[in-house]
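Participant: Before I ask anything, let me first share the structure, which is written out below as structure tokens.
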Amino acid sequence: MSNLLTVSPSPHVHTDDSTRKIMYRVVYAMIPALIWSVFVFGLDALRVTLIAVAACLAFEYLIQKYLMKVTPSVSDGSALITGILLAFNVPSGIPWWIIVIGSLAAMGIGKLSFGGLGNNIFNPALVGRVFMLISFPAQMTSWPSIRSAGVDSLTSATPLGVIKEGLSNGLSVSEISKSLPSQVDMMLGSMGGSLGEVSALLLIIGGLYMLYKKVITWHIPVAVLASVGIIATAFWLVDPQSYVSPGYHLFSGGLMLGAIFMATDMVTSPMNPKGQIIYGVGIGVITISIRMFGSYPEGISFAILIMNAFTPLINTYVKPKRFGGK
Amino acid sequence: MSVTVIYTIATLSIIGTSAAVILFFVARKFKVYEDPRIDEVEGSLPGANCGGCGYAGCRAFAEACVKAADLNDLNCPVGGNDTMGSVAGILGLEAVKKEARVAFIRCNGTCDHRPKTNIFDGADTCAIAASVYSGETDCQWGCLGYGDCFTACEFDAIELRADLGVPKIIDDKCVACGACVDACPKNLIELRKKFPKDRKVVVACRNQDKGGVARKACSTACIGCGKCEKECKFDAITIENNLAFIDSDKCKLCRKCVSVCPTNAITEENFPPRKIKEEKKEECSTAK
Amino acid sequence: MLKTFKKGGVHPPENKLSAGKSIEVLPLPASVFIPVAQHIGAPATPVVGRGDVVKVGQIIAKSSSFVSTNIHSSVSGKVKKVDFQADSSGYPKQGILIDVDGDEWIEDIDRSEDLKKDFDLSGEEIVKKIQDAGIVGLGGATFPTHVKLVPPKGMKADILLINGVECEPYLTSDHRLMLEKTDEILVGIQLLMKALSVDKAVIGIENNKPDAIQRLTEKTKEYNGVSVAPLKVKYPQGGEKQLIKAVTGREVPSGALPIAVGAVVSNVGTAFAVYEAIQKNKPLFERVVTVTGKALANPSNFRVRIGTATSALVDAAGGLPEDSGKVISGGPMMGRAIASLDVPVTKGTSGILLMEKNESTREEMNTCIRCSRCVSACPMGLEPFLLMTLSEKQIFDRAEDDKIMDCIECGSCSYTCPANRPLLDYIRFGKGKVGQIIRSRKK
């Protein structure tokens, strides 16, 4: 038996890559931002992250084993990513039971009800976040003060929240910007917000690592950021007193986090470059529309979820250019 | 306040009424006449939508029945004579009795009979294995064992037997819809006449190689020796391309061919055990 | 920046273990089994029978239609029988079993090693001789060469591309041939150019063979109209359409042949066979085969008579290693795994690759995570994940609309899939079914 030859169809060699390796690369890419959040928000950030990860892993295992009756696939790393992303999307002071409920929504509703990894339509972490945001708006929007390096700029609201409130109270941009952190601070990560969204720079570094490792392609992040940047610049040029400068839009809130880590989620984004650009531009336009004209200060989560819903449609109608095709 | 309420009620009522009027006329204008008997016939069918009748599902079959002048060419293999009788009753046509059929996998190349000569490691379907090569054994005709027939069967009438390496048909559940016949890339499955007590005498082999080659690949291969053909008094057995075939419509289950087959390629099933065959088998093994 | 094709492609580890080994002549085997179908098209009809005595180079099976070729005996001896035996396709095929006795060649073959540069033949005569010599594409596709040299009405070739890419990992037979038979190949190219009446030929070679590039570049100065194009390493550059795109920038339209953009592609091995057939009167009955594998004692390049059993090659290269799990006829990306070492070498066998047990089985398949790597790896711009699903669910009309027939079966999708999905297994199956549907529609 042992000396029989194996016969299989070609190809007979296979790349070293595996689903698990890809997933862990995403995790590595999130580590700089995670460390920064612990630095800024203290051990609370670590507490929130650990609870979210543990809850996501546990729910995946339990649901797969006892409800779906399949072999649990906890070790593939996807639940770990969902857990970290979920933690990245909440303020550090959030009570533990809200995170657990959010994890249940993320894994149960967002992922496993569709059949698990690869079959979900919506990004599970965002399903969890939006579920929490709508169910517990107060806890989800009370931002603890940050321990900033250097000046003790204690912010208890996100820059976007400040802008939104200021504009709706009829203040002009120049009046509002006095209470805003500088754009450089925002870029480096000295501002209020959810765990993962504070430092745009570290998120970009993580994104570059993923680009280098070919976990993601440039299409989605660039399309999202470019469309937000262009629209914000256009409005700002027309009326700088009613619209903040594009820098605030690019470096504030979850835009970087969303564009680099959540919009690029493989399962829920389109499958070819053309489709990915359409998807990215869609996210950018919806995000900036919500930020400027909607009632929420931040819109990236909704924008990504809305475009997730369009992904199957984009996949059906946007085809890659065939070799030798017209 | 009250004016608003009145306006609202009035507007909604007007919209509702006009919609109802439009719908009434549209329904009149575009009404498609459908023979009510189609529903009735469909109701009497098993509703398995297996396609065994040759139509795309039970509804299509019901339409065909209603249109047809007689039921000679129409048969629901799943429901059998009972169903066709009630269909005939609904339509006022004469019921045509059809003989019940059952599927049979013409390969007995179990692990004991057919040694493996290589291992297949590809997508686990017969269709793909067959497109790659002839199979895990030296027999290029026999069952591949990945169970495309099992997947195709809507009635759980096929069981995969890991111990045998060849699937088995469960005669009681088989409705002879023919889905497995189409699914088998090796064309092993045959729809045969169903005998009382599910008895059958069958050549469980499709090997068309010359005797020596066939025998080398599988100890129970048909070698096309022709002994059974000579033995059969009912002309039920024909030999073509080194392979014997028993026509189930002519077979009388006398089992004489079973006794003469040198490789036990002809098998009998569901008969009471008999002594002679056991002795014969022993002789065979000592001769080897 | 070196040229390459734009769309898709992968970089499997090269593992060219036998690149430094010069071509050795394999000793004559005791018997050969020569299949009558070694090419694309109709199988040849055997013209010898049991007991006939044949010489090396004698026709033993005649071409049965235009798209078919003659088969010549590769040995001298007695025909034992016309029989069926499994070839690399995995199914028993008709062939001629010959017991070797001595090594007697038919008289008109010039057995000297001298280079013969000059020729005085018209294009038609060259095509006729190529057809008689039974030459097929030696890169592995085995399409009869004479058919390629006669373009369909209204089409004309303006460039001849010579494929020296050898993008398959492990294989080195073309590489060695380019180094050792440089002049012969170039004369062969001249003959092919004459047959096609084109005045330009480009040899495409990947950058991982700098010695071959250098040697051919030097030698091409002596031959008119021939040049060398160094190419960036990328699989599947040896694919006809990819090579044309890489060298000329022309894109063969979907469903069309290379001649539609005025190009004809031929392998370096084929060019060498053309040289031998015309200048030396030697029909195609031997070829260079790479025998390689990580566990093999002595990976080598052999000149082998067609019909020799795989086992003879493996023995000559050091014997079958103990933990061999798989034997592949061809390269690791497109070659076919064979079930037994009795399978004979045919005109299309470019290599024999032995894989160790731990690399011969596939890893467990996981669910698709829609990472779209297959889409970016596909050199034809297809969506393998979709085609796999459509084939699996047997939705063949949509598979056809999504250009399943454009698939060149290069295996880049299966290679690159992180979830180990057997994409190409299903696509190949679907392609077969769609092909049947298209053919039945034409009838």
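Convention: chains lettered A, B, ... in structure tokens order; per-chain residue numbering from 1; ligands numbered from 1 as shown.
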As a PDB file with N, CA and C atoms, in the first residue's frame, please: the residues near Val41 of chain B (cut-off 12 Å, only C-alpha atoms, same-chain neighbours under 2 positions excluded).
Facilitator:
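As a result, part22.pdb now contains:
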```pdb
ATOM      1  N   ASP B  35     -55.232  25.027 -17.726  1.00  0.00           N
ATOM      2  CA  ASP B  35     -56.092  23.885 -17.487  1.00  0.00           C
ATOM      3  C   ASP B  35     -56.048  23.523 -15.996  1.00  0.00           C
ATOM      4  N   PRO B  36     -57.178  23.540 -15.329  1.00  0.00           N
ATOM      5  CA  PRO B  36     -57.156  23.229 -13.882  1.00  0.00           C
ATOM      6  C   PRO B  36     -56.686  21.803 -13.615  1.00  0.00           C
ATOM      7  N   ARG B  37     -56.775  20.963 -14.646  1.00  0.00           N
ATOM      8  CA  ARG B  37     -56.349  19.573 -14.421  1.00  0.00           C
ATOM      9  C   ARG B  37     -54.845  19.467 -14.175  1.00  0.00           C
ATOM     10  N   ILE B  38     -54.077  20.497 -14.678  1.00  0.00           N
ATOM     11  CA  ILE B  38     -52.628  20.442 -14.452  1.00  0.00           C
ATOM     12  C   ILE B  38     -52.342  20.439 -12.962  1.00  0.00           C
ATOM     13  N   ASP B  39     -53.053  21.318 -12.233  1.00  0.00           N
ATOM     14  CA  ASP B  39     -52.862  21.361 -10.785  1.00  0.00           C
ATOM     15  C   ASP B  39     -53.230  20.034 -10.143  1.00  0.00           C
ATOM     16  N   GLY B  43     -50.809  17.496  -8.228  1.00  0.00           N
ATOM     17  CA  GLY B  43     -51.063  17.106  -6.848  1.00  0.00           C
ATOM     18  C   GLY B  43     -50.932  15.612  -6.627  1.00  0.00           C
ATOM     19  N   SER B  44     -51.230  14.832  -7.650  1.00  0.00           N
ATOM     20  CA  SER B  44     -51.158  13.387  -7.463  1.00  0.00           C
ATOM     21  C   SER B  44     -49.755  12.844  -7.688  1.00  0.00           C
ATOM     22  N   LEU B  45     -48.856  13.686  -8.187  1.00  0.00           N
ATOM     23  CA  LEU B  45     -47.477  13.234  -8.416  1.00  0.00           C
ATOM     24  C   LEU B  45     -46.680  13.292  -7.112  1.00  0.00           C
ATOM     25  N   PRO B  46     -45.571  12.572  -7.061  1.00  0.00           N
ATOM     26  CA  PRO B  46     -44.812  12.527  -5.802  1.00  0.00           C
ATOM     27  C   PRO B  46     -44.168  13.861  -5.417  1.00  0.00           C
ATOM     28  N   GLY B  47     -43.965  14.750  -6.391  1.00  0.00           N
ATOM     29  CA  GLY B  47     -43.401  16.050  -6.050  1.00  0.00           C
ATOM     30  C   GLY B  47     -41.917  16.036  -5.755  1.00  0.00           C
ATOM     31  N   CYS B  58     -41.965  18.035 -11.776  1.00  0.00           N
ATOM     32  CA  CYS B  58     -43.293  17.437 -11.761  1.00  0.00           C
ATOM     33  C   CYS B  58     -44.320  18.285 -12.504  1.00  0.00           C
ATOM     34  N   ARG B  59     -44.199  19.607 -12.396  1.00  0.00           N
ATOM     35  CA  ARG B  59     -45.162  20.494 -13.050  1.00  0.00           C
ATOM     36  C   ARG B  59     -45.105  20.306 -14.566  1.00  0.00           C
ATOM     37  N   ALA B  60     -43.881  20.263 -15.086  1.00  0.00           N
ATOM     38  CA  ALA B  60     -43.719  20.098 -16.533  1.00  0.00           C
ATOM     39  C   ALA B  60     -44.287  18.758 -16.978  1.00  0.00           C
ATOM     40  N   PHE B  61     -44.106  17.744 -16.135  1.00  0.00           N
ATOM     41  CA  PHE B  61     -44.626  16.425 -16.465  1.00  0.00           C
ATOM     42  C   PHE B  61     -46.154  16.453 -16.463  1.00  0.00           C
ATOM     43  N   ALA B  62     -46.712  17.159 -15.467  1.00  0.00           N
ATOM     44  CA  ALA B  62     -48.170  17.254 -15.385  1.00  0.00           C
ATOM     45  C   ALA B  62     -48.731  17.938 -16.629  1.00  0.00           C
ATOM     46  N   GLU B  63     -48.065  18.998 -17.073  1.00  0.00           N
ATOM     47  CA  GLU B  63     -48.508  19.684 -18.296  1.00  0.00           C
ATOM     48  C   GLU B  63     -48.474  18.739 -19.476  1.00  0.00           C
ATOM     49  N   ALA B  64     -47.378  17.952 -19.563  1.00  0.00           N
ATOM     50  CA  ALA B  64     -47.242  17.018 -20.670  1.00  0.00           C
ATOM     51  C   ALA B  64     -48.350  15.975 -20.632  1.00  0.00           C
ATOM     52  N   CYS B  65     -48.699  15.514 -19.429  1.00  0.00           N
ATOM     53  CA  CYS B  65     -49.753  14.506 -19.289  1.00  0.00           C
ATOM     54  C   CYS B  65     -51.092  15.056 -19.772  1.00  0.00           C
ATOM     55  N   VAL B  66     -51.366  16.309 -19.375  1.00  0.00           N
ATOM     56  CA  VAL B  66     -52.655  16.890 -19.733  1.00  0.00           C
ATOM     57  C   VAL B  66     -52.758  17.061 -21.244  1.00  0.00           C
ATOM     58  N   LYS B  67     -51.634  17.441 -21.859  1.00  0.00           N
ATOM     59  CA  LYS B  67     -51.638  17.643 -23.312  1.00  0.00           C
ATOM     60  C   LYS B  67     -51.718  16.331 -24.084  1.00  0.00           C
ATOM     61  N   CYS B  76     -44.162   8.086 -14.659  1.00  0.00           N
ATOM     62  CA  CYS B  76     -43.475   8.619 -13.494  1.00  0.00           C
ATOM     63  C   CYS B  76     -42.818   7.452 -12.797  1.00  0.00           C
ATOM     64  N   THR B  83     -49.419   5.841  -9.129  1.00  0.00           N
ATOM     65  CA  THR B  83     -49.510   7.245  -9.503  1.00  0.00           C
ATOM     66  C   THR B  83     -50.043   7.397 -10.913  1.00  0.00           C
ATOM     67  N   MET B  84     -49.510   6.606 -11.819  1.00  0.00           N
ATOM     68  CA  MET B  84     -49.946   6.748 -13.204  1.00  0.00           C
ATOM     69  C   MET B  84     -51.417   6.372 -13.325  1.00  0.00           C
ATOM     70  N   GLY B  85     -51.877   5.437 -12.488  1.00  0.00           N
ATOM     71  CA  GLY B  85     -53.285   5.073 -12.483  1.00  0.00           C
ATOM     72  C   GLY B  85     -54.147   6.253 -12.063  1.00  0.00           C
ATOM     73  N   SER B  86     -53.714   6.977 -11.022  1.00  0.00           N
ATOM     74  CA  SER B  86     -54.543   8.103 -10.584  1.00  0.00           C
ATOM     75  C   SER B  86     -54.475   9.257 -11.577  1.00  0.00           C
ATOM     76  N   VAL B  87     -53.295   9.419 -12.230  1.00  0.00           N
ATOM     77  CA  VAL B  87     -53.208  10.434 -13.279  1.00  0.00           C
ATOM     78  C   VAL B  87     -54.186  10.097 -14.390  1.00  0.00           C
ATOM     79  N   ALA B  88     -54.191   8.823 -14.776  1.00  0.00           N
ATOM     80  CA  ALA B  88     -55.096   8.380 -15.833  1.00  0.00           C
ATOM     81  C   ALA B  88     -56.540   8.632 -15.418  1.00  0.00           C
ATOM     82  N   GLY B  89     -56.832   8.403 -14.139  1.00  0.00           N
ATOM     83  CA  GLY B  89     -58.185   8.629 -13.640  1.00  0.00           C
ATOM     84  C   GLY B  89     -58.594  10.089 -13.760  1.00  0.00           C
ATOM     85  N   ILE B  90     -57.698  10.992 -13.401  1.00  0.00           N
ATOM     86  CA  ILE B  90     -57.998  12.422 -13.468  1.00  0.00           C
ATOM     87  C   ILE B  90     -58.270  12.838 -14.899  1.00  0.00           C
ATOM     88  N   LEU B  91     -57.444  12.323 -15.812  1.00  0.00           N
ATOM     89  CA  LEU B  91     -57.526  12.769 -17.203  1.00  0.00           C
ATOM     90  C   LEU B  91     -58.511  11.949 -18.013  1.00  0.00           C
ATOM     91  N   GLY B  92     -59.073  10.893 -17.412  1.00  0.00           N
ATOM     92  CA  GLY B  92     -59.997  10.046 -18.138  1.00  0.00           C
ATOM     93  C   GLY B  92     -59.329   9.248 -19.238  1.00  0.00           C
TER      94      GLY B  92
END
```
Participant: Considering only C-alpha atoms, extract the chain C residues located within 6 Å of chain A and return them as a ChimeraX atom specification.
Facilitator: /C:251-254,325-326,332-334,337,368-372,380-381,411,415-416,418-419
Participant: Going by DSSP on the backbone, which residues of segment 94-339 of chain C come out as alpha helix (DSSP H)? List them as an MDAnalysis selection string.
Facilitator: chainID C and resid 123:132 145:149 173:180 182:196 210:220 240:248 268:279 310:316
Participant: How close does each residue of chain B get to chain C, giving the shortest atom pair and distance in Å to one decimal for every residue with an atom at most 10 Å away, counting only C-alpha atoms, sorted by chain and residue number, as a tab-separated table?
Facilitator:
```
residue	atom	partner	partner_atom	distance
B:Thr117	CA	C:Ala339	CA	7.3
B:Asn118	CA	C:Ala339	CA	5.8
B:Ile119	CA	C:Ala339	CA	8.2
B:Phe120	CA	C:Ala339	CA	9.2
B:Asp121	CA	C:Thr361	CA	6.4
B:Gly122	CA	C:Pro422	CA	7.2
B:Ala123	CA	C:Pro422	CA	6.2
B:Asp124	CA	C:Pro422	CA	9.8
B:Thr125	CA	C:Tyr426	CA	9.5
B:Ala127	CA	C:Phe429	CA	7.4
B:Ile128	CA	C:Phe429	CA	6.0
B:Ala129	CA	C:Asp425	CA	9.0
B:Ala130	CA	C:Gly90	CA	9.4
B:Ser131	CA	C:Phe429	CA	6.9
B:Val132	CA	C:Gly90	CA	6.9
B:Tyr133	CA	C:Gly90	CA	4.1
B:Ser134	CA	C:Tyr91	CA	5.3
B:Gly135	CA	C:Gly90	CA	8.1
B:Glu136	CA	C:Ala339	CA	8.2
B:Thr137	CA	C:Ala339	CA	9.2
B:Asp138	CA	C:Ala339	CA	9.4
B:Cys139	CA	C:Tyr91	CA	10.0
B:Gln140	CA	C:Tyr91	CA	7.1
B:Asp209	CA	C:Phe84	CA	9.7
```
Participant: Next, the residues of the selection above should be written as a compact mmCIF listing (two decimals), in the first residue's frame with N, CA and C atoms.
Facilitator:
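See out.txt below for the written result:
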```txt
# COMPACT_ATOMS: atom_id res chain seq x y z
N THR B 117 -3.68 0.04 -7.56
CA THR B 117 -2.33 0.15 -8.11
C THR B 117 -1.77 1.57 -7.97
N ASN B 118 -2.59 2.48 -7.53
CA ASN B 118 -2.12 3.85 -7.29
C ASN B 118 -3.15 4.54 -6.41
N ILE B 119 -2.84 5.74 -5.99
CA ILE B 119 -3.76 6.48 -5.12
C ILE B 119 -4.14 7.79 -5.80
N PHE B 120 -5.42 8.08 -5.83
CA PHE B 120 -5.87 9.33 -6.45
C PHE B 120 -5.95 10.42 -5.39
N ASP B 121 -5.43 11.58 -5.71
CA ASP B 121 -5.48 12.69 -4.78
C ASP B 121 -5.88 13.94 -5.55
N GLY B 122 -7.15 14.08 -5.75
CA GLY B 122 -7.64 15.25 -6.48
C GLY B 122 -9.03 15.56 -5.96
N ALA B 123 -9.77 16.39 -6.67
CA ALA B 123 -11.13 16.69 -6.26
C ALA B 123 -11.92 15.39 -6.22
N ASP B 124 -12.65 15.19 -5.13
CA ASP B 124 -13.31 13.91 -4.89
C ASP B 124 -14.59 13.72 -5.67
N THR B 125 -14.53 13.72 -6.97
CA THR B 125 -15.72 13.36 -7.71
C THR B 125 -15.31 12.41 -8.82
N ALA B 127 -16.45 12.29 -11.81
CA ALA B 127 -16.34 12.95 -13.11
C ALA B 127 -14.92 13.49 -13.31
N ILE B 128 -14.35 14.08 -12.26
CA ILE B 128 -13.01 14.65 -12.40
C ILE B 128 -11.96 13.55 -12.43
N ALA B 129 -12.10 12.54 -11.57
CA ALA B 129 -11.15 11.43 -11.60
C ALA B 129 -11.16 10.79 -12.99
N ALA B 130 -12.34 10.62 -13.56
CA ALA B 130 -12.42 9.98 -14.87
C ALA B 130 -11.79 10.84 -15.95
N SER B 131 -11.83 12.17 -15.75
CA SER B 131 -11.22 13.02 -16.77
C SER B 131 -9.71 13.02 -16.63
N VAL B 132 -9.19 12.60 -15.48
CA VAL B 132 -7.74 12.58 -15.30
C VAL B 132 -7.14 11.28 -15.82
N TYR B 133 -7.70 10.18 -15.42
CA TYR B 133 -7.12 8.89 -15.81
C TYR B 133 -8.11 7.77 -15.57
N SER B 134 -7.60 6.53 -15.70
CA SER B 134 -8.54 5.40 -15.73
C SER B 134 -8.95 4.94 -14.34
N GLY B 135 -8.28 5.35 -13.31
CA GLY B 135 -8.73 4.97 -11.98
C GLY B 135 -7.64 4.37 -11.13
N GLU B 136 -8.01 4.12 -9.89
CA GLU B 136 -7.01 3.67 -8.92
C GLU B 136 -6.58 2.22 -9.09
N THR B 137 -7.27 1.50 -9.95
CA THR B 137 -6.90 0.11 -10.18
C THR B 137 -6.53 -0.08 -11.64
N ASP B 138 -6.15 -1.29 -12.00
CA ASP B 138 -5.80 -1.53 -13.39
C ASP B 138 -7.03 -1.65 -14.28
N CYS B 139 -8.22 -1.73 -13.67
CA CYS B 139 -9.43 -1.85 -14.49
C CYS B 139 -9.86 -0.46 -14.91
N GLN B 140 -9.88 -0.21 -16.21
CA GLN B 140 -10.26 1.12 -16.66
C GLN B 140 -11.76 1.28 -16.82
N ASP B 209 -12.06 -5.43 -21.65
CA ASP B 209 -10.74 -5.88 -22.06
C ASP B 209 -10.77 -7.37 -22.35
```
Participant: Pick out each residue of segment 156-285 of chain B that DSSP on the backbone tags as strand (DSSP E or B); I need them as a short mmCIF file (atom, residue, chain, number, x, y, z; two decimals) with C-alpha atoms, in the first residue's frame.
Facilitator:
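Result file follows (part_34.cif):
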```
data_model
loop_
_atom_site.label_atom_id
_atom_site.label_comp_id
_atom_site.auth_asym_id
_atom_site.auth_seq_id
_atom_site.Cartn_x
_atom_site.Cartn_y
_atom_site.Cartn_z
CA ILE B 158 -27.55 4.61 -2.72
CA GLU B 159 -25.21 3.94 0.14
CA LYS B 168 -24.70 -0.22 -3.20
CA ILE B 169 -28.22 0.44 -4.38
CA ILE B 189 -25.49 1.82 -13.86
CA GLU B 190 -28.30 0.06 -15.62
CA LEU B 191 -32.05 0.22 -15.03
CA ARG B 192 -33.24 -3.38 -14.90
CA LYS B 193 -36.54 -5.09 -14.47
CA LYS B 200 -31.66 -10.65 -9.59
CA VAL B 201 -29.07 -12.42 -11.68
CA VAL B 202 -26.62 -9.90 -13.04
CA VAL B 203 -23.25 -9.60 -14.72
CA ILE B 237 -27.30 -13.41 -22.43
CA THR B 238 -25.27 -11.78 -25.15
CA ILE B 239 -21.51 -11.38 -25.39
CA GLU B 240 -20.12 -8.24 -26.98
CA LEU B 243 -18.35 -8.76 -21.99
CA ALA B 244 -21.50 -10.67 -21.13
CA PHE B 245 -24.79 -8.86 -20.62
CA ILE B 246 -28.02 -10.29 -19.21
CA ILE B 266 -22.37 -13.18 -12.55
CA THR B 267 -23.94 -12.65 -9.19
CA GLU B 268 -27.27 -13.63 -7.74
CA GLU B 269 -28.94 -11.59 -5.07
#
```
